[in-house]
Each structure stands twice: as structure tokens, then as C-alpha cells.
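Coordinates as given in coords.txt (compact mmCIF, C-alpha atoms):
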# COMPACT_ATOMS: atom_id res chain seq x y z
CA MET C 149 5.21 -7.49 -0.81
CA SER C 150 7.16 -5.54 1.63
CA TRP C 151 7.44 -1.78 1.64
CA HIS C 152 10.94 -1.39 0.30
CA MET C 153 10.11 -3.37 -2.80
CA THR C 154 7.21 -5.26 -4.13
CA GLY C 155 7.13 -8.67 -5.59
CA MET C 156 5.09 -10.95 -7.67
CA ARG C 157 4.77 -14.50 -6.55
CA LYS C 158 5.04 -17.26 -9.05
CA VAL C 159 5.09 -21.05 -9.13
CA ARG C 160 6.11 -23.51 -11.77
CA PRO C 161 4.85 -22.66 -15.26
CA ASN C 162 2.08 -25.23 -14.86
CA GLY C 163 0.96 -23.85 -11.51
CA ASP C 164 -0.62 -20.77 -10.00
CA SER C 165 1.11 -17.71 -8.70
CA CYS C 166 0.75 -14.44 -6.83
CA VAL C 167 2.11 -10.94 -7.08
CA SER C 168 3.63 -10.18 -3.74
CA ARG C 169 4.92 -7.38 -1.61
CA VAL C 170 6.40 -9.46 1.21
CA SER C 171 9.86 -9.00 2.60
CA ARG C 172 11.33 -12.46 2.16
CA GLY C 173 10.36 -15.37 -0.02
CA PHE C 174 10.91 -18.19 2.47
CA ASP C 175 7.70 -17.48 4.39
CA CYS C 176 5.63 -17.88 1.23
CA GLU C 177 7.65 -20.40 -0.72
CA TRP C 178 8.52 -23.23 1.65
CA ARG C 179 5.21 -25.08 1.90
CA THR C 180 3.51 -23.82 -1.22
CA GLY C 181 6.27 -24.14 -3.80
CA VAL C 182 5.49 -20.57 -4.83
CA GLN C 183 8.34 -18.26 -5.81
CA LEU C 184 8.40 -14.50 -5.47
CA ILE C 185 8.75 -12.21 -8.46
CA PRO C 186 10.15 -8.93 -7.08
CA VAL C 187 8.52 -5.72 -8.25
CA ASN C 188 11.50 -3.42 -8.28
CA CYS C 189 11.27 -0.21 -6.24
CA ASP C 190 14.18 2.03 -5.31
CA SER C 191 15.24 5.09 -3.34
CA SER C 192 14.47 7.52 -6.16
CA ASN C 193 10.86 7.71 -4.92
CA SER C 194 11.38 6.47 -1.35
CA PHE C 195 10.67 2.87 -2.40
CA LEU C 196 7.06 3.57 -3.28
CA ILE C 197 5.31 0.94 -5.34
CA THR C 198 4.14 2.26 -8.69
CA LYS C 199 1.72 1.06 -11.30
CA ALA C 200 4.56 0.93 -13.82
CA ALA C 201 6.60 -1.35 -11.55
CA LEU C 202 3.65 -3.66 -11.03
CA GLU C 203 2.90 -3.83 -14.73
CA ALA C 204 6.54 -4.56 -15.55
CA ALA C 205 6.69 -7.45 -13.07
CA TYR C 206 3.37 -8.79 -14.28
CA GLU C 207 4.55 -8.69 -17.89
CA ARG C 208 7.75 -10.54 -16.99
CA ALA C 209 5.66 -13.27 -15.43
CA GLN C 210 3.46 -13.49 -18.51
CA GLN C 211 6.49 -13.77 -20.77
CA ASP C 212 7.76 -16.65 -18.62
CA ASN C 213 4.39 -18.41 -18.88
CA ILE C 214 3.73 -17.91 -15.18
CA ASN C 215 0.12 -17.76 -14.04
CA VAL C 216 -0.04 -14.82 -11.64
CA LYS C 217 -2.83 -15.24 -9.08
CA GLY C 218 -2.41 -12.41 -6.60
CA LEU C 219 -0.64 -9.48 -5.03
CA ILE C 220 0.58 -9.56 -1.43
CA ILE C 221 1.34 -6.31 0.38
CA ALA C 222 2.68 -5.59 3.86
CA ASN C 223 1.12 -2.43 5.27
CA PRO C 224 2.71 -0.98 7.40
CA SER C 225 5.88 -2.20 5.74
CA ASN C 226 8.48 -4.60 6.96
CA PRO C 227 11.31 -3.60 6.47
CA LEU C 228 10.66 0.05 5.56
CA GLY C 229 8.57 1.05 8.56
CA THR C 230 6.22 3.14 6.41
CA VAL C 231 2.51 3.09 5.62
CA LEU C 232 0.84 2.99 2.22
CA ASP C 233 -0.95 6.18 1.28
CA ARG C 234 -4.52 6.26 0.00
CA ASP C 235 -3.60 6.87 -3.65
CA THR C 236 -1.20 3.93 -3.69
CA LEU C 237 -3.78 1.62 -2.11
CA ARG C 238 -6.39 2.69 -4.63
CA SER C 239 -3.91 2.01 -7.41
CA LEU C 240 -3.21 -1.48 -6.05
CA VAL C 241 -6.90 -2.32 -5.79
CA SER C 242 -7.44 -1.08 -9.34
CA PHE C 243 -4.51 -3.18 -10.52
CA ILE C 244 -5.72 -6.45 -9.03
CA ASN C 245 -9.28 -5.75 -10.12
CA LYS C 246 -8.12 -5.14 -13.70
CA LYS C 247 -5.97 -8.27 -13.75
CA LYS C 248 -8.58 -10.30 -11.85
CA ILE C 249 -6.03 -11.47 -9.31
CA HIS C 250 -6.25 -11.55 -5.51
CA LEU C 251 -4.98 -8.96 -3.04
CA VAL C 252 -3.68 -10.14 0.35
CA SER C 253 -2.98 -7.24 2.71
CA ASP C 254 -0.77 -8.15 5.67
CA GLU C 255 -1.62 -5.52 8.29
CA ILE C 256 0.23 -7.03 11.23
CA TYR C 257 1.72 -3.65 12.32
CA ALA C 258 -1.51 -1.69 11.86
CA ALA C 259 -1.62 -0.41 15.45
CA SER C 260 2.13 0.26 15.70
CA VAL C 261 2.04 3.62 13.90
CA PHE C 262 3.75 6.28 16.00
CA SER C 263 3.53 9.43 13.88
CA THR C 264 1.80 10.82 10.81
CA PRO C 265 0.62 9.79 8.28
CA SER C 266 -1.93 7.46 9.82
CA PHE C 267 -2.57 3.88 8.79
CA ILE C 268 -5.19 3.16 6.13
CA SER C 269 -6.53 -0.37 5.80
CA ALA C 270 -7.39 -2.03 2.53
CA SER C 271 -10.87 -2.48 3.97
CA GLU C 272 -11.33 1.32 3.95
CA ILE C 273 -10.28 1.62 0.32
CA ILE C 274 -12.76 -0.89 -1.04
CA GLU C 275 -15.55 1.06 0.65
CA GLU C 276 -14.60 4.02 -1.53
CA MET C 277 -14.35 2.39 -4.95
CA GLU C 278 -15.92 -0.22 -7.18
CA CYS C 279 -14.07 -3.55 -7.13
CA ASP C 280 -14.59 -7.28 -6.83
CA ARG C 281 -14.52 -7.79 -3.07
CA ASP C 282 -14.11 -11.54 -3.46
CA LEU C 283 -10.52 -10.74 -4.43
CA ILE C 284 -9.67 -8.88 -1.18
CA HIS C 285 -8.20 -10.62 1.89
CA ILE C 286 -6.68 -9.12 5.07
CA VAL C 287 -4.44 -10.93 7.53
CA TYR C 288 -3.49 -9.86 11.05
CA SER C 289 -1.87 -11.25 14.18
CA PHE C 290 -1.53 -10.35 17.85
CA SER C 291 2.21 -11.01 17.79
CA GLU C 292 3.41 -7.48 16.99
CA ASP C 293 0.93 -4.80 18.07
CA MET C 294 0.03 -6.63 21.27
CA GLY C 295 3.44 -8.22 21.86
CA LEU C 296 2.09 -11.78 21.96
CA PRO C 297 4.11 -13.79 19.42
CA GLY C 298 4.09 -16.90 21.59
CA PHE C 299 0.31 -17.13 21.40
CA SER C 300 0.45 -17.78 17.65
CA VAL C 301 -3.01 -16.32 17.08
CA GLY C 302 -3.80 -14.82 13.70
CA ILE C 303 -6.81 -13.55 11.80
CA VAL C 304 -7.91 -13.86 8.18
CA TYR C 305 -10.60 -11.36 7.18
CA SER C 306 -11.93 -12.08 3.73
CA TYR C 307 -14.89 -11.05 1.62
CA ASN C 308 -14.71 -14.38 -0.18
CA ASP C 309 -16.86 -17.14 1.34
CA ALA C 310 -14.77 -19.87 -0.29
CA VAL C 311 -11.59 -18.51 1.33
CA VAL C 312 -13.27 -18.18 4.72
CA ASN C 313 -14.64 -21.73 4.55
CA CYS C 314 -11.24 -23.07 3.53
CA GLY C 315 -9.59 -21.21 6.41
CA ARG C 316 -12.17 -22.58 8.81
CA GLU C 317 -11.46 -26.14 7.69
CA MET C 318 -7.69 -25.69 7.78
CA SER C 319 -7.78 -24.12 11.24
CA SER C 320 -8.69 -27.53 12.69
CA PHE C 321 -5.02 -28.46 12.23
CA GLY C 322 -3.84 -25.58 14.42
CA LEU C 323 -6.56 -24.79 16.91
CA VAL C 324 -6.12 -22.04 19.49
CA SER C 325 -6.61 -23.42 23.00
CA SER C 326 -9.72 -22.51 24.98
CA GLN C 327 -7.57 -20.90 27.64
CA THR C 328 -5.85 -18.66 25.08
CA GLN C 329 -9.16 -17.72 23.48
CA HIS C 330 -10.63 -16.82 26.87
CA LEU C 331 -7.61 -14.70 27.82
CA LEU C 332 -7.60 -12.80 24.51
CA ALA C 333 -11.36 -12.27 24.57
CA SER C 334 -11.14 -10.85 28.09
CA MET C 335 -8.23 -8.60 27.15
CA LEU C 336 -9.83 -7.27 23.97
CA SER C 337 -13.12 -6.65 25.77
CA ASP C 338 -11.35 -4.19 28.05
CA ASP C 339 -11.42 -1.12 25.81
CA LYS C 340 -9.55 1.07 28.28
CA PHE C 341 -6.70 -1.41 28.62
CA VAL C 342 -6.35 -1.84 24.85
CA ASP C 343 -6.45 1.92 24.22
CA ASP C 344 -3.90 2.62 26.97
CA PHE C 345 -1.65 -0.22 25.82
CA LEU C 346 -1.59 0.88 22.18
CA LYS C 347 -1.08 4.53 23.15
CA GLU C 348 1.87 3.62 25.37
CA ASN C 349 3.27 1.34 22.67
CA SER C 350 3.14 4.13 20.06
CA GLU C 351 4.77 6.62 22.41
CA ARG C 352 7.61 4.24 23.23
CA LEU C 353 8.17 3.38 19.58
CA ALA C 354 8.29 7.08 18.68
CA LYS C 355 10.80 7.79 21.45
CA ARG C 356 13.04 4.84 20.54
CA HIS C 357 12.85 5.60 16.82
CA SER C 358 13.91 9.19 17.43
CA LEU C 359 16.76 8.13 19.75
CA PHE C 360 18.10 5.59 17.28
CA THR C 361 17.84 7.62 14.09
CA LYS C 362 19.31 10.75 15.69
CA GLY C 363 22.17 8.63 17.02
CA LEU C 364 22.88 7.43 13.49
CA GLU C 365 22.70 10.95 12.10
CA LYS C 366 25.60 11.98 14.34
CA VAL C 367 27.90 9.88 12.18
CA GLY C 368 26.22 10.77 8.92
CA ILE C 369 24.01 7.70 8.55
CA THR C 370 20.54 8.40 7.29
CA CYS C 371 17.45 6.21 7.22
CA LEU C 372 14.36 6.22 5.07
CA LYS C 373 11.76 8.43 6.74
CA SER C 374 9.43 6.08 8.58
CA ASN C 375 6.60 6.19 11.10
CA ALA C 376 5.42 2.65 11.84
CA GLY C 377 6.50 -0.80 12.90
CA LEU C 378 9.69 -1.89 14.61
CA PHE C 379 12.29 -1.19 11.93
CA VAL C 380 14.32 1.46 10.19
CA TRP C 381 15.69 1.14 6.64
CA MET C 382 19.31 2.22 7.09
CA ASP C 383 21.34 3.63 4.20
CA LEU C 384 24.94 2.40 4.20
CA ARG C 385 25.55 2.80 0.47
CA ARG C 386 28.47 5.16 1.01
CA LEU C 387 30.28 2.44 2.99
CA LEU C 388 30.24 0.00 0.08
CA LYS C 389 33.50 -0.48 -1.80
CA GLU C 390 31.40 -1.06 -4.92
CA GLN C 391 27.70 -0.72 -5.58
CA THR C 392 27.20 -4.48 -5.87
CA LEU C 393 25.44 -7.28 -4.02
CA GLU C 394 28.80 -8.87 -3.26
CA SER C 395 30.02 -5.67 -1.61
CA GLU C 396 26.79 -5.46 0.41
CA MET C 397 27.32 -8.99 1.72
CA THR C 398 30.94 -8.20 2.55
CA LEU C 399 29.82 -5.19 4.57
CA TRP C 400 27.10 -7.25 6.26
CA ARG C 401 29.62 -9.88 7.37
CA VAL C 402 31.86 -7.20 8.87
CA ILE C 403 28.91 -5.75 10.81
CA ILE C 404 27.92 -9.23 12.03
CA ASN C 405 31.36 -10.63 12.86
CA ASP C 406 33.39 -7.56 13.84
CA VAL C 407 30.93 -4.94 15.00
CA LYS C 408 28.77 -7.65 16.62
CA LEU C 409 25.46 -6.19 15.52
CA ASN C 410 22.80 -8.28 13.83
CA VAL C 411 21.23 -6.43 10.92
CA SER C 412 19.56 -7.69 7.75
CA PRO C 413 20.92 -6.81 4.30
CA GLY C 414 18.52 -5.38 1.76
CA SER C 415 19.14 -8.27 -0.61
CA SER C 416 17.34 -10.58 1.82
CA PHE C 417 14.24 -8.47 1.10
CA HIS C 418 14.71 -8.54 -2.69
CA CYS C 419 16.09 -5.00 -2.69
CA SER C 420 17.75 -4.39 -6.05
CA GLU C 421 19.73 -1.40 -4.75
CA PRO C 422 22.80 -2.52 -2.71
CA GLY C 423 23.63 -0.85 0.58
CA TRP C 424 20.32 -0.75 2.42
CA PHE C 425 19.94 -2.62 5.73
CA ARG C 426 16.99 -3.30 8.00
CA VAL C 427 17.50 -2.55 11.67
CA CYS C 428 15.07 -3.51 14.42
CA PHE C 429 15.18 -0.79 17.09
CA ALA C 430 12.42 -2.09 19.38
CA ASN C 431 13.77 -5.35 20.78
CA MET C 432 16.33 -4.11 23.28
CA ASP C 433 16.59 -1.90 26.33
CA ASP C 434 17.95 1.65 26.33
CA ASP C 435 21.41 0.64 27.55
CA THR C 436 21.76 -1.87 24.72
CA VAL C 437 20.69 0.80 22.21
CA GLU C 438 23.53 3.03 23.39
CA VAL C 439 26.00 0.16 23.06
CA ALA C 440 24.75 -0.55 19.54
CA LEU C 441 24.95 3.11 18.52
CA GLU C 442 28.47 3.47 19.89
CA ARG C 443 29.64 0.41 17.96
CA ILE C 444 28.11 1.79 14.79
CA ARG C 445 29.76 5.18 15.33
CA VAL C 446 33.20 3.63 15.83
CA PHE C 447 32.77 1.35 12.83
CA VAL C 448 31.66 4.13 10.49
CA LYS C 449 34.54 6.38 11.47
CA LEU C 450 37.07 3.59 10.99
CA SER C 451 35.60 2.40 7.70
CA LEU C 452 35.47 5.89 6.21
CA THR C 453 39.08 6.39 7.24
CA SER C 454 40.50 3.10 6.04
CA ARG C 455 37.95 2.09 3.38
CA ARG C 456 39.13 -1.50 3.97
CA TYR C 457 37.37 -4.60 5.25
CA ASP C 458 39.39 -7.44 6.74
CA GLU C 459 38.09 -10.47 4.84
CA SER C 460 40.08 -12.83 7.06
CA VAL C 461 37.65 -12.39 9.97
CA MET C 462 34.46 -12.82 7.96
CA SER C 463 32.40 -15.96 7.97
CA PRO C 464 29.23 -16.01 5.87
CA HIS C 465 27.94 -19.02 7.77
CA ARG C 466 27.77 -17.68 11.31
CA MET C 467 24.36 -16.08 11.13
CA SER C 468 21.41 -15.79 8.77
CA PRO C 469 21.12 -12.45 6.94
CA CYS C 470 17.38 -12.68 7.40
CA SER C 471 17.49 -12.39 11.18
CA PRO C 472 15.16 -9.65 12.43
CA LEU C 473 17.30 -8.65 15.39
CA VAL C 474 19.80 -5.92 15.99
CA ARG C 475 21.61 -6.99 19.12
CA ALA C 476 24.71 -5.50 20.69
CA SER C 477 26.27 -8.23 22.78
CA THR C 478 28.10 -6.95 25.80
Using C-alpha cells, write down the structure that the file contains.
Amino acid sequence: MSWHMTGMRKVRPNGDSCVSRVSRGFDCEWRTGVQLIPVNCDSSNSFLITKAALEAAYERAQQDNINVKGLIIANPSNPLGTVLDRDTLRSLVSFINKKKIHLVSDEIYAASVFSTPSFISASEIIEEMECDRDLIHIVYSFSEDMGLPGFSVGIVYSYNDAVVNCGREMSSFGLVSSQTQHLLASMLSDDKFVDDFLKENSERLAKRHSLFTKGLEKVGITCLKSNAGLFVWMDLRRLLKEQTLESEMTLWRVIINDVKLNVSPGSSFHCSEPGWFRVCFANMDDDTVEVALERIRVFVKLSLTSRRYDESVMSPHRMSPCSPLVRAST
């Protein structure tokens, strides 16, 4: 499940299920029929996943006669932009080993860490402790770290021969072209290019993250401390008329329709605490960032002064709350 909150995945009572820490259910649910069971995390501990939260979600599933089959984590996190620490990872591995369920670690932003602490892979943790390695699976893609989403090339690294064989068979329905394989192999074989590329990527992310968060701080908006990925977890709780999901969606529609910025409300990531929003800071040029920040500044000042939202200009159907972009249209 994603970094801001964790989730257990479930299916129908007569089916299998997974515990999950992914940001949104649609990616997992659409084809499989699996539903996510959120593992509630909140700002009191910076949205860290705890053993108690996992156990509580697991027990809820058991009470509903749901067969939990696994835990999915996103590390680094989308939407939080943080990395899992060693103790938390060890706790997760212990949890799935005890419950005899699978662990799927989505490490798609592994090389997009731009400040301390450093990224720790699930593969490192299982070298340090006793566990059933057949339960551990790691997924990765070139779309984020290498900026190649159009190539649609992903990796499944598993210690389970049955999973690997299944993946090999299923891959025949979505083969990567020979030309793409040749290009990627040539690129990855160039160690200097890869090192330089990732170094430059981290430096640019760090610079943009600092620019964006400091710009928000000027109008009193804070974000969860983060150091990885393309997102910040923005705290707009003080702008809510009420601490409710409905008020969060009202605020989101104002930001979308009036301020003309595309952000994602926390509820689209199963966040149980209203008022948090995911912002992608890495998909626009510097001029657009300044436009976005200026619009946010004006909006915050006006909203704190008036404390009113004009419902007449809001349309909940214009744009999906799950969009990953923050765009300031000019």
C-alpha cells in the first residue's frame, strides 16, 4: 500500500485477497476483482505503517470472512514521497511471514531518492533475517526513474519459481519489442550514462522539491517531510470548513475549477484524515511552477480571509480526483 496509508486487499468472501499498501484501488481491483482494505495510518506518526495497524486491518478481514493473501507496499511511497526505514521493513517481513501471506514491494521510485535517508529494498531485508523467501516479490519499471513510461517495460523479481514461471507465461501476451529490448540493454550497459543520469535526476528533484515546498511555506502551507519520488503530501486541513470527506471534496473542486490546479485529494488514496492532498512537482517547467505557486498563494490568502467557497462554480465531474498532475494552465 502506499506510504500515506496502508491497505489490505480483499476479494469476495469465497475468494483470495491481499493486504496492500498501494495508493489507489483501481489499479489492483479492475481486472482481478480484488478490493483494498485500507490499513489506517495518520499524521500523528507521519503516516508510518505500524504493526498494530496491520493487525487491526487483518483482523477486520478475518471477521468479514475474507481470505487475506498478501501485503502490497510502495517504497518509496506514492503519494507521500518517503522511504520505508529498516525497522519498518523488518516488521512487515515478520508480519507476512507470521501470517503466511505474500509481500509485493513496488519499488518503482527506488532511484528517485534525492536526500537522506537512503532507499532500502525488501531484497536487502530478507538477507538479514529468517523468512520464507517464496513469499517475497519485487516489482519495478523504467517509467519513473528513467523517464520512459511510453516503453511500458516492467520487471518482476521473485524468489518463488511458480510466480516467475507464471509471469513468464503471461508475458507472451505483452511482449517487449526486440528494438526496445536492444535499446534498453544498450542504455543499461553504459554504466557512466546511467550513473550520470540518475545523479542529475536526483539533483533536479531535490532542487524542485525545495523550490516548491519553500514556496508553499511562504503562505503557511506545510507538507509531510519527504525525500523521494515526484510528489509532496500537502497539508490543507486548516482550509477545510469541517474536518470531513465532504469538505475535502468541496475544497478539491475549488482548487480544480477556480484555482485551475490539478491536485489529488487524500481520499483517493484511502487517507482517513481529511485535508491532505498529493501534488506532483516534477512534471512542469520552472515558469509553470511559479504560476502554480502564485495561484496557491492568492487562493490561500483569499480563503483564510473569507472562509467561503462558491459552490455555484464547482463541478465534480470535470476532472478525476485521481489525476497525478499538478498543472497551472496559463
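The space separating atom CA of C:Cys428 from atom CA of C:Val261 comes to 14.9 Å.
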Atomic distance atom CA of C:Asn245 - atom CA of C:Lys199, expressed in Å with one decimal | 13.0 Å
Close residues, stretch 224-231 of chain C itself excluded, 9 Å, only C-alpha atoms, min 3 positions apart in chain, as number ranges by chain | C: 149-152, 170-171, 195, 221, 254-258, 260-261, 265-268, 372-381, 414, 417, 425-428
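Across C:Met294, C:Asp434, C:Pro186, C:Ser300, the tightest approach to C:Phe345 is made by C:Met294 when counting all atoms listed in the file.
Across the model, the gap from atom CA of C:Thr361 to atom CA of C:Arg443 is 14.4 Å.
Checking C:Leu219, C:Leu296, C:Ala205, C:Ile273 one by one against C:Arg238, counting all atoms listed in the file, you find the shortest gap at C:Ile273.
The smallest atom-to-atom distance between C:Asp293 and any of C:Val312, C:Ala201, C:Val411, C:Leu353, using all atoms listed in the file, is found for C:Leu353.
With only C-alpha atoms as the atoms that count, the residue of C:Ile249, C:Arg352, C:Asp235, C:Phe243 with the shortest distance to C:Lys217 is C:Ile249.
Residue nearest C:Glu390 within the list C:Glu421, C:Gly218, C:Ser334, C:Ser263: C:Glu421 [criterion: smallest interatomic distance, only C-alpha atoms].
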Can you list, as a PyMOL selection string, every protein, DNA or RNA residue that comes within 8 Å of C:Val304 when you count all atoms listed in the file, leaving out same-chain residues fewer than 5 positions away?
-> chain C and resi 285-288+312+315
Of the listed residues C:Leu251, C:Met397, C:Ile185, C:Ile369, that which approaches C:Met382 most closely, counting all atoms listed in the file = C:Ile369
